[in-house]
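Chemist: The following block contains the structure, expressed as structure tokens.
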Amino acid sequence: MATALVTGASSGIGEAFALRLAERGHDLVVVARRADRLAALAERIGREHRRTVEVVEADLTTPDGLARVTQRCADPDRPLDLLVNNAGHGTLGRFWELPVAGEVASVALNVTALVECTHASLGPMVARGRGGVINVSSLGAYQPLPMNATYGATKAFVSSFTNSIAEELRGTGVRAMVVAPGFTRTEFQAESFSPGNVPDFVWQSADAVAATALRAYDRGRVVCITGVVNVVTAAASSVMPAAVTRRVTGAVTRRIY
Ligand SMILES: NC(=O)c1ccc[n+]([C@@H]2O[C@H](COP(=O)([O-])OP(=O)(O)OC[C@H]3O[C@@H](n4cnc5c(N)ncnc54)[C@H](OP(=O)(O)O)[C@@H]3O)[C@@H](O)[C@H]2O)c1
């Protein structure tokens with residue numbers, strides 16, 4: 001039976017990944033800080049999909065929490081077939097006015113934990129000649145993100161890093177894919193960002209993001225930008241110089257946040 005580990009599975013896109021993977025017949029290892037939410041998800045998956053769910057309560061920004069998750073990723077007796085690095089955090093505001101602890105925590109979660117979990121998983125996967133990693137980045141990776149400066153930079157890291165290791169993995173039987181969602185209705189948007197003026201057609205559901213990502217993974221894609229609006233936005237951002245995109249994004253973020 002295939003086993004997938006999903007970080008940040010207690011809500012939003014991670015929870016949607018866990019449910020979609022259970023529906024496809026995966027057993028799950030679910031990671032987050034809110035153990036009650038993970039327990040409820042495990043109960044639901046057991047009831048609806050008859051799959052086994054292992055709950056790992058861990059704060060991925062702490063040495064102890066991260067060590068427990070990386071040990072599970074590398075466990076030779078219980079190998080993973082898929083790692084979904086989804087847990088992520090961002091702040092909103094002018095960088096120098098924000099408490100630096102929140103900026104450092106974003107880097108610890110979005111970058112350091114993702115790198116460590118990927119590293120711990122890939123060794124055993126390559127040795128077995130099968131497996132894969134899906135890293136959740138953001139449309140924000142495609143241009144500078146004034147007002148989310150640290151967050152945007154961490155997601156640019158995730159996109160570059162995943163593209164590079166996908167190429168290094170060629171011929172090993174193991175794959176890596178990066179997912180870049182745009183505006184997705186989750187607690188992340190509702191609680192952290194509270195964007196007021198984003199038109200309805202731009203938004204996606206967490207389930208649509210997870211379903212699109214898994215279809216792309218099945219097709220062997222390395223990059224999955226979810227949704228037509230996001231594909232067009234990323235393409236435009238990729239061809240425009242940073243001098244233009246940072247001004248445009250700055251004007252947009254000043255309007256919507
Ligand atoms: N929503 C969007 O518009 C959007 C757009 C682009 C990319 N994304 C990315 O999608 C991913 C999922 O976000 P979401 O929108 O689904 O938001 P969400 O509902 O807030 O989910 C974030 C998940 O990360 C977990 N998490 C946060 N801090 C953690 C920590 N220190 N240790 C372990 N787990 C932690 C949370 O669980 P606990 O609080 O229980 O720990 C939660 O399960 C993130 O990487 C985000 O950057 C989101």
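FYI, nothing fancy with the structure tokens labels: chains A, B, ... in order, residues from 1 per chain, ligands from 1 as they appear.
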Could you pull the residues within 6 Å of region 62-74 of chain A, counting only C-alpha atoms, minus those fewer than 6 positions along the same chain, as a VMD selection string?

Modeler: chain A and resid 117 120 to 121

Chemist: Deliver the residues from the most recent selection as a file, using N, CA and C atoms, as an mmCIF file, in the first residue's frame.

Modeler:
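Result file follows (selection23.cif):
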data_model
loop_
_atom_site.group_PDB
_atom_site.id
_atom_site.type_symbol
_atom_site.label_atom_id
_atom_site.label_comp_id
_atom_site.auth_asym_id
_atom_site.auth_seq_id
_atom_site.Cartn_x
_atom_site.Cartn_y
_atom_site.Cartn_z
ATOM 1 N N CYS A 117 12.883 18.019 5.081
ATOM 2 C CA CYS A 117 11.963 16.890 4.819
ATOM 3 C C CYS A 117 12.237 16.299 3.436
ATOM 4 N N ALA A 120 15.473 14.238 3.709
ATOM 5 C CA ALA A 120 15.277 12.990 4.461
ATOM 6 C C ALA A 120 14.514 11.963 3.629
ATOM 7 N N SER A 121 13.619 12.418 2.765
ATOM 8 C CA SER A 121 12.780 11.499 1.979
ATOM 9 C C SER A 121 13.480 10.995 0.730
#

Chemist: Just the residues within 7 Å of Ser10 (chain A), please, counting only C-alpha atoms, with nothing from its chain fewer than 2 positions along; format it as a PyMOL selection string.

Modeler: chain A and resi 8+14-15+32+34+37-38

Chemist: For region 167-184 of chain A, find every residue with an atom within 9 Å (counting only C-alpha atoms), except residues of its own chain fewer than 3 positions away, and show them as an MDAnalysis selection string.

Modeler: chainID A and resid 12:13 122 125:141 155 158:159 162:164 188:189 198 202:206 209 213 216:217 220:227 229:230

Chemist: Any chance you could list, as a ChimeraX atom specification, the residues in region 141-220 of chain A that come up strand (DSSP E or B) when DSSP is run on the backbone?

Modeler: /A:174-180,184-185,204-205

Chemist: When you look at Asn148 (chain A) with a cut-off of 10 Å (counting only C-alpha atoms), what residues show up, excluding the ones that are within fewer than 2 positions of it in the same chain? I need them as a PyMOL selection string.

Modeler: chain A and resi 90-95+103+140+144-146+150-153+193+250+253

Chemist: Just list the residues in region 2-249 of chain A DSSP gives helix (DSSP H, G or I) on the backbone, as an MDAnalysis selection string.

Modeler: chainID A and resid 12:23 35:49 63:74 95:97 100:128 139:142 149:168 187:193 200:202 206:218 228:239 242:249

Chemist: Counting only C-alpha atoms and all ligand atoms, which of A:Arg24, A:Arg78, A:His89, A:Arg44 gets nearest to ligand 1?

Modeler: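 The answer is A:His89, which sits nearest to ligand 1.
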
Chemist: Counting only C-alpha atoms, which of A:Ala87, A:Leu19, A:Leu82, A:Leu114 gets nearest to Met1 (chain A)?

Modeler: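 The closest residue to Met1 (chain A) is A:Leu82.
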
Chemist: Work out how far apart atom 28 (N, counted along the ligand's line) of ligand 1 and CA of Gly88 (chain A) are and give it in Å to one decimal.

Modeler: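 Value for the atom 28 (N, counted along the ligand's line) of ligand 1-CA of Gly88 (chain A) distance: 5.8 Å.
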
Chemist: Go through A:Val231, A:Met240, A:Ala22, A:Val31 one by one, measure the shortest atom-to-atom distance of each to ligand 1 using only C-alpha atoms and all ligand atoms, and give the residue with the smallest value.

Modeler: A:Val31
